[in-house]
Amino acid sequence: MFQQLGHLPMGWLMLALLAMLASGAFFVGRVQAEQFSGAAASRMHSRPNYHGYFVAMWTFVPALVVTLGYGLLGEGIVRSQLVNELPANFREMPGVELGVYLDAVSRAAVQNAYTGADRVFSAITNRYLEIQGVVKLSAIALALLCATVGFVLARRRIVPGFRARNRVESGIELMLFLCAAIAIATTVGIIASLLYESLRFFAEIPFWDFLFGTRWNAQTSAEFGALPLFFGTFMIALIAMLIAAPVGLFAAIYLSEYAGPKVRSWVKPVLEILAGIPTVVYGFFALLVVAPSIRSLAVWINTTLMSSGLTSEPLLAAQPTSALAAGLVMGIMVIPFVSSLSDDVINAVPQTLRDAAYAMGATKSETVKHVVLPAALPGIIASLLLAVSRAIGETMIVVMAAGQRARISADPTADLTTITVQIVALLTGETEFDSPKTLSAFALGLVLFAVTLVFNLIALRVVQKYREKYD
């Protein structure tokens, strides 16, 4: 029986249970409030709906807490109980090997498709299902018990003078606060995890050697000089911004100052479609179209220069993957960040400034150059900084089109690597999380987080100054 319960789709089951409990509690609370009549009805502080919401809230929230607790702790409880029942030779296995074995048991239990001859594994899988069934049944029973207690306590408080509306609004306010707190707690958790693992890495590798070293060979845990990664990251971001900044800014000026309503209505959505294209599609485009074209152009330049006697050896590397290919495609990707934000900022410039310039005899282009752009400059700078932070943190394009060679080279046709490429490479596959190789990924992530955070803070500060001046 418990093995069958172990196959229950707990997510959908708990979702349906919560929906039924909340709906039933709302109906009961509203009907009970509607039964007040006569003098009692005249003394009612809140409408019957608020009484229903109050009862539903007290029924739903305890069951939701139990459901979330099961989602967070259920698998851990099952595994802990299973490990306690395993023979001693299993418990003596290294933690990583035992975790891999339990993962295999979990997959076999979920798929219910193990047909091997290992009777021990089959018995452990069946026991895993039994324990999981007990835990699921206990979670359902506890959720029903908590919901029932909350339902009974809430019904007792329904009287004509009860301020149900205030309590419901307080509950909604608490929910909104928790949503904001989750975002803050997530950021704090990310920073804390990065700092903890990075400090473990810097306990083995000196900080300055990591930050200013020029040789990177983390795959063999030999050399951790990250300066080539920083160089590759900023070089590709620079190429991207050389494309995105002028194209995005000029597009924003055209759309806001020169384009008619009809042209603007279809040009701006087409530009913004670029932001919705998956980055893996950009990566394929860079790898299959842009990179070969750049390599062919570089080979032609080398051949031309050598045949004319200007150089005796190839000037350009002409690699199949290159920083230029990744930078060009990344620049196309971040154009909407520059154009959309700059367009909004330019449109926010008061029309009175333009009218005053026209009254002084300025032309359209002179007004844009000497009035509109200076007024919108803080917002434009903020849009450029946000685009830079987006380019620095990009992963898929550089993974597919930039290459993986850690070196410092000013040749844009050479293959370079970036911080994000190395993070992906270091954390791919089965790796030990206590080796310098893996811990270096967290150190790189901390540097990347710090750089993008600085750019975002500068952009927010610039926007705040802009709003204070022109709102």
# chains A, B, ... in the order shown; residues from 1 in each chain; ligands from 1
>>> residues_around(residues="stretch 341-358 of chain A", least_positions_apart="6", cutoff="9 Å", atoms="only C-alpha atoms", output="mmCIF file with all heavy atoms, in the first residue's frame")
data_model
loop_
_atom_site.group_PDB
_atom_site.id
_atom_site.type_symbol
_atom_site.label_atom_id
_atom_site.label_comp_id
_atom_site.auth_asym_id
_atom_site.auth_seq_id
_atom_site.Cartn_x
_atom_site.Cartn_y
_atom_site.Cartn_z
ATOM 1 N N GLY A 248 21.640 51.354 -31.171
ATOM 2 C CA GLY A 248 20.501 51.518 -30.274
ATOM 3 C C GLY A 248 20.164 52.977 -30.022
ATOM 4 O O GLY A 248 18.983 53.367 -30.010
ATOM 5 N N LEU A 249 21.198 53.813 -29.831
ATOM 6 C CA LEU A 249 20.946 55.229 -29.554
ATOM 7 C C LEU A 249 20.360 55.940 -30.773
ATOM 8 O O LEU A 249 19.393 56.703 -30.655
ATOM 9 C CB LEU A 249 22.244 55.900 -29.117
ATOM 10 C CG LEU A 249 22.148 57.394 -28.782
ATOM 11 C CD1 LEU A 249 21.115 57.636 -27.690
ATOM 12 C CD2 LEU A 249 23.508 57.928 -28.366
ATOM 13 N N ALA A 251 18.728 54.577 -33.217
ATOM 14 C CA ALA A 251 17.362 54.068 -33.414
ATOM 15 C C ALA A 251 16.389 54.754 -32.470
ATOM 16 O O ALA A 251 15.259 55.107 -32.862
ATOM 17 C CB ALA A 251 17.336 52.556 -33.206
ATOM 18 N N ALA A 252 16.819 54.969 -31.216
ATOM 19 C CA ALA A 252 15.953 55.653 -30.256
ATOM 20 C C ALA A 252 15.692 57.099 -30.676
ATOM 21 O O ALA A 252 14.566 57.603 -30.566
ATOM 22 C CB ALA A 252 16.589 55.613 -28.867
ATOM 23 N N ILE A 253 16.736 57.794 -31.178
ATOM 24 C CA ILE A 253 16.553 59.176 -31.631
ATOM 25 C C ILE A 253 15.593 59.224 -32.811
ATOM 26 O O ILE A 253 14.693 60.092 -32.878
ATOM 27 C CB ILE A 253 17.921 59.792 -32.011
ATOM 28 C CG1 ILE A 253 18.794 59.924 -30.762
ATOM 29 C CG2 ILE A 253 17.734 61.144 -32.685
ATOM 30 C CD1 ILE A 253 20.208 60.373 -31.062
ATOM 31 N N TYR A 254 15.749 58.300 -33.739
ATOM 32 C CA TYR A 254 14.844 58.292 -34.897
ATOM 33 C C TYR A 254 13.403 58.026 -34.480
ATOM 34 O O TYR A 254 12.483 58.727 -34.918
ATOM 35 C CB TYR A 254 15.304 57.239 -35.904
ATOM 36 C CG TYR A 254 14.314 57.016 -37.020
ATOM 37 C CD1 TYR A 254 14.182 57.945 -38.043
ATOM 38 C CD2 TYR A 254 13.490 55.890 -37.032
ATOM 39 C CE1 TYR A 254 13.263 57.766 -39.066
ATOM 40 C CE2 TYR A 254 12.566 55.692 -38.049
ATOM 41 C CZ TYR A 254 12.449 56.635 -39.062
ATOM 42 O OH TYR A 254 11.529 56.452 -40.056
ATOM 43 N N LEU A 255 13.206 57.024 -33.627
ATOM 44 C CA LEU A 255 11.849 56.662 -33.238
ATOM 45 C C LEU A 255 11.166 57.774 -32.443
ATOM 46 O O LEU A 255 9.957 58.005 -32.600
ATOM 47 C CB LEU A 255 11.876 55.375 -32.410
ATOM 48 C CG LEU A 255 12.226 54.094 -33.176
ATOM 49 C CD1 LEU A 255 12.355 52.924 -32.212
ATOM 50 C CD2 LEU A 255 11.170 53.791 -34.233
ATOM 51 N N SER A 256 11.909 58.453 -31.597
ATOM 52 C CA SER A 256 11.286 59.453 -30.725
ATOM 53 C C SER A 256 11.161 60.826 -31.366
ATOM 54 O O SER A 256 10.245 61.587 -31.036
ATOM 55 C CB SER A 256 12.091 59.581 -29.424
ATOM 56 O OG SER A 256 13.424 59.961 -29.707
ATOM 57 N N GLU A 257 12.062 61.165 -32.310
ATOM 58 C CA GLU A 257 12.078 62.529 -32.840
ATOM 59 C C GLU A 257 11.688 62.627 -34.306
ATOM 60 O O GLU A 257 11.206 63.688 -34.732
ATOM 61 C CB GLU A 257 13.486 63.119 -32.654
ATOM 62 C CG GLU A 257 13.927 63.224 -31.209
ATOM 63 C CD GLU A 257 13.048 64.163 -30.398
ATOM 64 O OE1 GLU A 257 12.603 65.191 -30.949
ATOM 65 O OE2 GLU A 257 12.805 63.854 -29.217
ATOM 66 N N LYS A 364 15.473 71.057 -36.394
ATOM 67 C CA LYS A 364 15.168 69.790 -35.722
ATOM 68 C C LYS A 364 16.446 69.117 -35.224
ATOM 69 O O LYS A 364 16.534 68.681 -34.069
ATOM 70 C CB LYS A 364 14.444 68.874 -36.704
ATOM 71 C CG LYS A 364 13.959 67.565 -36.095
ATOM 72 C CD LYS A 364 12.687 67.755 -35.327
ATOM 73 C CE LYS A 364 12.060 66.433 -34.968
ATOM 74 N NZ LYS A 364 10.816 66.588 -34.181
ATOM 75 N N GLU A 366 19.400 70.473 -34.673
ATOM 76 C CA GLU A 366 20.048 71.274 -33.641
ATOM 77 C C GLU A 366 19.346 71.116 -32.301
ATOM 78 O O GLU A 366 19.994 71.078 -31.249
ATOM 79 C CB GLU A 366 20.059 72.749 -34.060
ATOM 80 C CG GLU A 366 20.990 73.039 -35.220
ATOM 81 C CD GLU A 366 20.845 74.450 -35.727
ATOM 82 O OE1 GLU A 366 19.799 75.080 -35.467
ATOM 83 O OE2 GLU A 366 21.781 74.936 -36.396
ATOM 84 N N THR A 367 18.022 71.009 -32.334
ATOM 85 C CA THR A 367 17.272 70.805 -31.100
ATOM 86 C C THR A 367 17.623 69.462 -30.466
ATOM 87 O O THR A 367 17.835 69.359 -29.253
ATOM 88 C CB THR A 367 15.762 70.882 -31.376
ATOM 89 O OG1 THR A 367 15.457 72.162 -31.935
ATOM 90 C CG2 THR A 367 14.956 70.676 -30.109
ATOM 91 N N VAL A 368 17.706 68.426 -31.306
ATOM 92 C CA VAL A 368 18.061 67.102 -30.786
ATOM 93 C C VAL A 368 19.470 67.120 -30.206
ATOM 94 O O VAL A 368 19.726 66.591 -29.112
ATOM 95 C CB VAL A 368 17.938 66.038 -31.899
ATOM 96 C CG1 VAL A 368 18.501 64.704 -31.436
ATOM 97 C CG2 VAL A 368 16.494 65.881 -32.323
ATOM 98 N N HIS A 370 21.494 69.766 -29.214
ATOM 99 C CA HIS A 370 21.859 70.714 -28.171
ATOM 100 C C HIS A 370 20.870 70.777 -27.011
ATOM 101 O O HIS A 370 21.196 71.363 -25.975
ATOM 102 C CB HIS A 370 22.022 72.110 -28.771
ATOM 103 C CG HIS A 370 23.128 72.217 -29.775
ATOM 104 N ND1 HIS A 370 24.451 72.146 -29.434
ATOM 105 C CD2 HIS A 370 23.092 72.352 -31.135
ATOM 106 C CE1 HIS A 370 25.205 72.256 -30.519
ATOM 107 N NE2 HIS A 370 24.407 72.385 -31.572
ATOM 108 N N VAL A 371 19.665 70.220 -27.171
ATOM 109 C CA VAL A 371 18.645 70.327 -26.120
ATOM 110 C C VAL A 371 18.202 68.962 -25.620
ATOM 111 O O VAL A 371 18.285 68.656 -24.425
ATOM 112 C CB VAL A 371 17.426 71.142 -26.623
ATOM 113 C CG1 VAL A 371 16.334 71.189 -25.553
ATOM 114 C CG2 VAL A 371 17.839 72.553 -27.006
ATOM 115 N N VAL A 372 17.725 68.120 -26.554
ATOM 116 C CA VAL A 372 17.116 66.853 -26.147
ATOM 117 C C VAL A 372 18.160 65.897 -25.577
ATOM 118 O O VAL A 372 17.983 65.347 -24.480
ATOM 119 C CB VAL A 372 16.375 66.217 -27.336
ATOM 120 C CG1 VAL A 372 15.825 64.841 -26.937
ATOM 121 C CG2 VAL A 372 15.240 67.109 -27.800
ATOM 122 N N LEU A 373 19.255 65.690 -26.310
ATOM 123 C CA LEU A 373 20.257 64.729 -25.846
ATOM 124 C C LEU A 373 20.927 65.148 -24.537
ATOM 125 O O LEU A 373 21.108 64.309 -23.642
ATOM 126 C CB LEU A 373 21.308 64.497 -26.924
ATOM 127 C CG LEU A 373 20.832 63.708 -28.160
ATOM 128 C CD1 LEU A 373 21.981 63.482 -29.125
ATOM 129 C CD2 LEU A 373 20.215 62.377 -27.746
ATOM 130 N N ALA A 375 19.570 66.850 -22.170
ATOM 131 C CA ALA A 375 18.567 66.653 -21.126
ATOM 132 C C ALA A 375 18.366 65.170 -20.803
ATOM 133 O O ALA A 375 18.110 64.800 -19.657
ATOM 134 C CB ALA A 375 17.237 67.275 -21.548
ATOM 135 N N ALA A 376 18.482 64.327 -21.840
ATOM 136 C CA ALA A 376 18.254 62.886 -21.647
ATOM 137 C C ALA A 376 19.537 62.126 -21.353
ATOM 138 O O ALA A 376 19.495 60.898 -21.191
ATOM 139 C CB ALA A 376 17.592 62.298 -22.894
ATOM 140 N N LEU A 377 20.679 62.814 -21.281
ATOM 141 C CA LEU A 377 21.963 62.129 -21.148
ATOM 142 C C LEU A 377 22.059 61.209 -19.934
ATOM 143 O O LEU A 377 22.569 60.087 -20.053
ATOM 144 C CB LEU A 377 23.096 63.158 -21.126
ATOM 145 C CG LEU A 377 24.512 62.583 -21.159
ATOM 146 C CD1 LEU A 377 24.724 61.765 -22.428
ATOM 147 C CD2 LEU A 377 25.541 63.697 -21.062
ATOM 148 N N PRO A 378 21.591 61.626 -18.730
ATOM 149 C CA PRO A 378 21.692 60.685 -17.595
ATOM 150 C C PRO A 378 20.954 59.372 -17.838
ATOM 151 O O PRO A 378 21.483 58.298 -17.514
ATOM 152 C CB PRO A 378 21.057 61.478 -16.442
ATOM 153 C CG PRO A 378 21.217 62.905 -16.833
ATOM 154 C CD PRO A 378 21.072 62.937 -18.313
ATOM 155 N N GLY A 379 19.759 59.456 -18.400
ATOM 156 C CA GLY A 379 19.022 58.224 -18.679
ATOM 157 C C GLY A 379 19.672 57.389 -19.751
ATOM 158 O O GLY A 379 19.659 56.150 -19.690
ATOM 159 N N ILE A 380 20.267 58.031 -20.766
ATOM 160 C CA ILE A 380 20.965 57.291 -21.815
ATOM 161 C C ILE A 380 22.179 56.573 -21.240
ATOM 162 O O ILE A 380 22.454 55.409 -21.566
ATOM 163 C CB ILE A 380 21.368 58.252 -22.949
ATOM 164 C CG1 ILE A 380 20.122 58.789 -23.650
ATOM 165 C CG2 ILE A 380 22.282 57.557 -23.939
ATOM 166 C CD1 ILE A 380 20.408 59.867 -24.682
ATOM 167 N N ILE A 381 22.920 57.255 -20.386
ATOM 168 C CA ILE A 381 24.075 56.613 -19.744
ATOM 169 C C ILE A 381 23.628 55.413 -18.918
ATOM 170 O O ILE A 381 24.275 54.358 -18.921
ATOM 171 C CB ILE A 381 24.830 57.636 -18.877
ATOM 172 C CG1 ILE A 381 25.464 58.710 -19.755
ATOM 173 C CG2 ILE A 381 25.900 56.944 -18.032
ATOM 174 C CD1 ILE A 381 26.122 59.818 -18.981
ATOM 175 N N ALA A 382 22.517 55.556 -18.207
ATOM 176 C CA ALA A 382 22.008 54.433 -17.417
ATOM 177 C C ALA A 382 21.653 53.249 -18.310
ATOM 178 O O ALA A 382 21.941 52.091 -17.976
ATOM 179 C CB ALA A 382 20.790 54.877 -16.616
ATOM 180 N N SER A 383 21.034 53.514 -19.462
ATOM 181 C CA SER A 383 20.684 52.426 -20.379
ATOM 182 C C SER A 383 21.937 51.740 -20.911
ATOM 183 O O SER A 383 21.977 50.512 -21.058
ATOM 184 C CB SER A 383 19.837 52.959 -21.529
ATOM 185 O OG SER A 383 20.601 53.790 -22.380
ATOM 186 N N LEU A 384 22.992 52.506 -21.187
ATOM 187 C CA LEU A 384 24.237 51.909 -21.665
ATOM 188 C C LEU A 384 24.896 51.049 -20.589
ATOM 189 O O LEU A 384 25.410 49.962 -20.870
ATOM 190 C CB LEU A 384 25.195 53.006 -22.121
ATOM 191 C CG LEU A 384 24.764 53.820 -23.354
ATOM 192 C CD1 LEU A 384 25.758 54.935 -23.638
ATOM 193 C CD2 LEU A 384 24.620 52.916 -24.569
ATOM 194 N N TYR A 470 14.183 66.183 -13.681
ATOM 195 C CA TYR A 470 13.249 66.458 -14.743
ATOM 196 C C TYR A 470 11.822 66.031 -14.474
ATOM 197 O O TYR A 470 10.947 66.283 -15.269
ATOM 198 C CB TYR A 470 13.721 65.778 -16.043
ATOM 199 C CG TYR A 470 15.003 66.379 -16.544
ATOM 200 C CD1 TYR A 470 16.204 65.673 -16.405
ATOM 201 C CD2 TYR A 470 15.025 67.612 -17.136
ATOM 202 C CE1 TYR A 470 17.388 66.211 -16.856
ATOM 203 C CE2 TYR A 470 16.209 68.166 -17.593
ATOM 204 C CZ TYR A 470 17.384 67.459 -17.459
ATOM 205 O OH TYR A 470 18.548 67.995 -17.892
ATOM 206 N N ASP A 471 11.550 65.346 -13.380
ATOM 207 C CA ASP A 471 10.170 64.948 -13.105
ATOM 208 C C ASP A 471 9.331 66.161 -12.733
ATOM 209 O O ASP A 471 9.810 67.095 -12.104
ATOM 210 C CB ASP A 471 10.135 63.945 -11.934
ATOM 211 C CG ASP A 471 10.288 62.524 -12.463
ATOM 212 O OD1 ASP A 471 10.379 62.370 -13.697
ATOM 213 O OD2 ASP A 471 10.337 61.584 -11.641
#
>>> residues_around(residues="stretch 74-91 of chain A", least_positions_apart="2", cutoff="12 Å", atoms="only C-alpha atoms", output="NGL selection string")
:A and (6 or 10 or 66-72 or 93-99 or 101-103 or 105-106 or 120-121 or 123-140)
>>> select_by_dssp(residues="stretch 155-215 of chain A", states="alpha helix (DSSP H)", output="number ranges by chain")
A: 155-156, 164-202, 207-212
>>> write_last_selection(atoms="N, CA and C atoms", output="tab-separated table (two decimals), in the first residue's frame")
chain	number	residue	atom	x	y	z
A	155	ARG	N	-13.92	30.19	12.42
A	155	ARG	CA	-15.39	30.23	12.48
A	155	ARG	C	-15.87	30.76	13.82
A	156	ARG	N	-15.15	30.45	14.88
A	156	ARG	CA	-15.57	30.93	16.20
A	156	ARG	C	-15.50	32.45	16.32
A	164	ALA	N	-13.46	41.69	10.12
A	164	ALA	CA	-12.87	40.73	9.19
A	164	ALA	C	-12.11	41.43	8.07
A	165	ARG	N	-12.64	42.57	7.62
A	165	ARG	CA	-11.96	43.27	6.52
A	165	ARG	C	-10.56	43.71	6.93
A	166	ASN	N	-10.42	44.24	8.14
A	166	ASN	CA	-9.09	44.67	8.60
A	166	ASN	C	-8.12	43.50	8.68
A	167	ARG	N	-8.62	42.36	9.17
A	167	ARG	CA	-7.75	41.19	9.29
A	167	ARG	C	-7.32	40.67	7.91
A	168	VAL	N	-8.26	40.67	6.97
A	168	VAL	CA	-7.93	40.20	5.62
A	168	VAL	C	-6.92	41.13	4.97
A	169	GLU	N	-7.12	42.44	5.11
A	169	GLU	CA	-6.19	43.39	4.52
A	169	GLU	C	-4.81	43.28	5.18
A	170	SER	N	-4.79	43.02	6.48
A	170	SER	CA	-3.51	42.81	7.15
A	170	SER	C	-2.81	41.56	6.62
A	171	GLY	N	-3.60	40.52	6.37
A	171	GLY	CA	-3.02	39.30	5.82
A	171	GLY	C	-2.45	39.51	4.42
A	172	ILE	N	-3.17	40.28	3.60
A	172	ILE	CA	-2.67	40.58	2.25
A	172	ILE	C	-1.39	41.42	2.34
A	173	GLU	N	-1.38	42.38	3.27
A	173	GLU	CA	-0.18	43.20	3.44
A	173	GLU	C	1.01	42.34	3.86
A	174	LEU	N	0.77	41.38	4.75
A	174	LEU	CA	1.84	40.47	5.17
A	174	LEU	C	2.33	39.63	4.01
A	175	MET	N	1.40	39.19	3.15
A	175	MET	CA	1.79	38.38	2.00
A	175	MET	C	2.67	39.19	1.05
A	176	LEU	N	2.30	40.46	0.82
A	176	LEU	CA	3.11	41.31	-0.05
A	176	LEU	C	4.49	41.54	0.55
A	177	PHE	N	4.54	41.73	1.87
A	177	PHE	CA	5.84	41.90	2.53
A	177	PHE	C	6.70	40.65	2.38
A	178	LEU	N	6.09	39.48	2.51
A	178	LEU	CA	6.86	38.25	2.38
A	178	LEU	C	7.39	38.08	0.96
A	179	CYS	N	6.60	38.50	-0.04
A	179	CYS	CA	7.08	38.43	-1.42
A	179	CYS	C	8.32	39.31	-1.60
A	180	ALA	N	8.27	40.52	-1.03
A	180	ALA	CA	9.44	41.39	-1.12
A	180	ALA	C	10.61	40.81	-0.33
A	181	ALA	N	10.31	40.22	0.83
A	181	ALA	CA	11.38	39.64	1.66
A	181	ALA	C	12.03	38.45	0.97
A	182	ILE	N	11.24	37.68	0.20
A	182	ILE	CA	11.81	36.53	-0.52
A	182	ILE	C	12.85	37.00	-1.52
A	183	ALA	N	12.55	38.09	-2.23
A	183	ALA	CA	13.52	38.62	-3.20
A	183	ALA	C	14.80	39.06	-2.49
A	184	ILE	N	14.65	39.75	-1.37
A	184	ILE	CA	15.83	40.20	-0.62
A	184	ILE	C	16.59	39.01	-0.06
A	185	ALA	N	15.86	38.05	0.50
A	185	ALA	CA	16.52	36.87	1.08
A	185	ALA	C	17.25	36.07	0.01
A	186	THR	N	16.68	36.00	-1.20
A	186	THR	CA	17.35	35.30	-2.29
A	186	THR	C	18.67	35.97	-2.64
A	187	THR	N	18.66	37.29	-2.72
A	187	THR	CA	19.90	38.02	-3.01
A	187	THR	C	20.93	37.80	-1.91
A	188	VAL	N	20.48	37.88	-0.65
A	188	VAL	CA	21.40	37.65	0.47
A	188	VAL	C	21.95	36.23	0.43
A	189	GLY	N	21.09	35.26	0.12
A	189	GLY	CA	21.55	33.88	0.04
A	189	GLY	C	22.58	33.67	-1.07
A	190	ILE	N	22.36	34.31	-2.22
A	190	ILE	CA	23.32	34.20	-3.32
A	190	ILE	C	24.67	34.77	-2.90
A	191	ILE	N	24.63	35.96	-2.30
A	191	ILE	CA	25.88	36.60	-1.87
A	191	ILE	C	26.58	35.75	-0.82
A	192	ALA	N	25.81	35.23	0.15
A	192	ALA	CA	26.41	34.44	1.22
A	192	ALA	C	27.05	33.16	0.68
A	193	SER	N	26.37	32.47	-0.24
A	193	SER	CA	26.93	31.25	-0.80
A	193	SER	C	28.19	31.53	-1.62
A	194	LEU	N	28.15	32.61	-2.41
A	194	LEU	CA	29.34	32.97	-3.19
A	194	LEU	C	30.50	33.33	-2.28
A	195	LEU	N	30.23	34.11	-1.23
A	195	LEU	CA	31.29	34.51	-0.32
A	195	LEU	C	31.88	33.32	0.40
A	196	TYR	N	31.03	32.41	0.88
A	196	TYR	CA	31.51	31.25	1.64
A	196	TYR	C	32.41	30.38	0.78
A	197	GLU	N	31.95	30.03	-0.41
A	197	GLU	CA	32.75	29.16	-1.26
A	197	GLU	C	34.00	29.89	-1.77
A	198	SER	N	33.88	31.19	-2.02
A	198	SER	CA	35.05	31.95	-2.48
A	198	SER	C	36.11	32.04	-1.39
A	199	LEU	N	35.68	32.22	-0.15
A	199	LEU	CA	36.65	32.26	0.95
A	199	LEU	C	37.37	30.93	1.10
A	200	ARG	N	36.66	29.83	0.88
A	200	ARG	CA	37.31	28.52	0.89
A	200	ARG	C	38.35	28.43	-0.22
A	201	PHE	N	38.04	28.99	-1.38
A	201	PHE	CA	38.99	28.96	-2.49
A	201	PHE	C	40.21	29.84	-2.19
A	202	PHE	N	39.97	31.04	-1.65
A	202	PHE	CA	41.09	31.94	-1.38
A	202	PHE	C	41.92	31.47	-0.17
A	207	PHE	N	44.66	35.56	-3.07
A	207	PHE	CA	43.70	36.43	-3.76
A	207	PHE	C	44.37	37.19	-4.90
A	208	TRP	N	45.55	37.75	-4.66
A	208	TRP	CA	46.20	38.56	-5.68
A	208	TRP	C	46.69	37.70	-6.83
A	209	ASP	N	47.11	36.45	-6.56
A	209	ASP	CA	47.49	35.55	-7.64
A	209	ASP	C	46.30	35.25	-8.54
A	210	PHE	N	45.13	35.10	-7.93
A	210	PHE	CA	43.91	34.85	-8.70
A	210	PHE	C	43.52	36.07	-9.53
A	211	LEU	N	43.60	37.24	-8.92
A	211	LEU	CA	43.09	38.45	-9.57
A	211	LEU	C	44.02	38.96	-10.66
A	212	PHE	N	45.32	38.81	-10.48
A	212	PHE	CA	46.27	39.39	-11.42
A	212	PHE	C	47.16	38.35	-12.10
>>> residues_around(residues="A:Thr233", least_positions_apart="6", cutoff="8 Å", atoms="only C-alpha atoms", output="list of chain:residue names")
A:Ile392, A:Thr417, A:Thr418, A:Ile419
>>> closest_residue(among="A:Val290, A:Ala317, A:Leu305, A:Met330", to="A:Ala240", atoms="only C-alpha atoms")
A:Met330
>>> residues_around(residues="A:Ser322", least_positions_apart="3", cutoff="12 Å", atoms="only C-alpha atoms", output="PyMOL selection string")
chain A and resi 232+235-236+239+286-287+290-295+298+316-319+325-329+397-405+409-418
>>> closest_residue(among="A:Leu144, A:Ala19, A:Met333, A:Ala203", to="A:Val388", atoms="only C-alpha atoms")
A:Met333
>>> closest_residue(among="A:Lys268, A:Asn49, A:Phe230, A:Leu18", to="A:Val65", atoms="only C-alpha atoms")
A:Leu18
>>> closest_residue(among="A:Ala218, A:Leu73, A:Leu453, A:Val281", to="A:Ile423", atoms="only C-alpha atoms")
A:Ala218
>>> closest_residue(among="A:Leu238, A:Leu274, A:Ala154, A:Ala391", to="A:Leu324", atoms="only C-alpha atoms")
A:Leu238
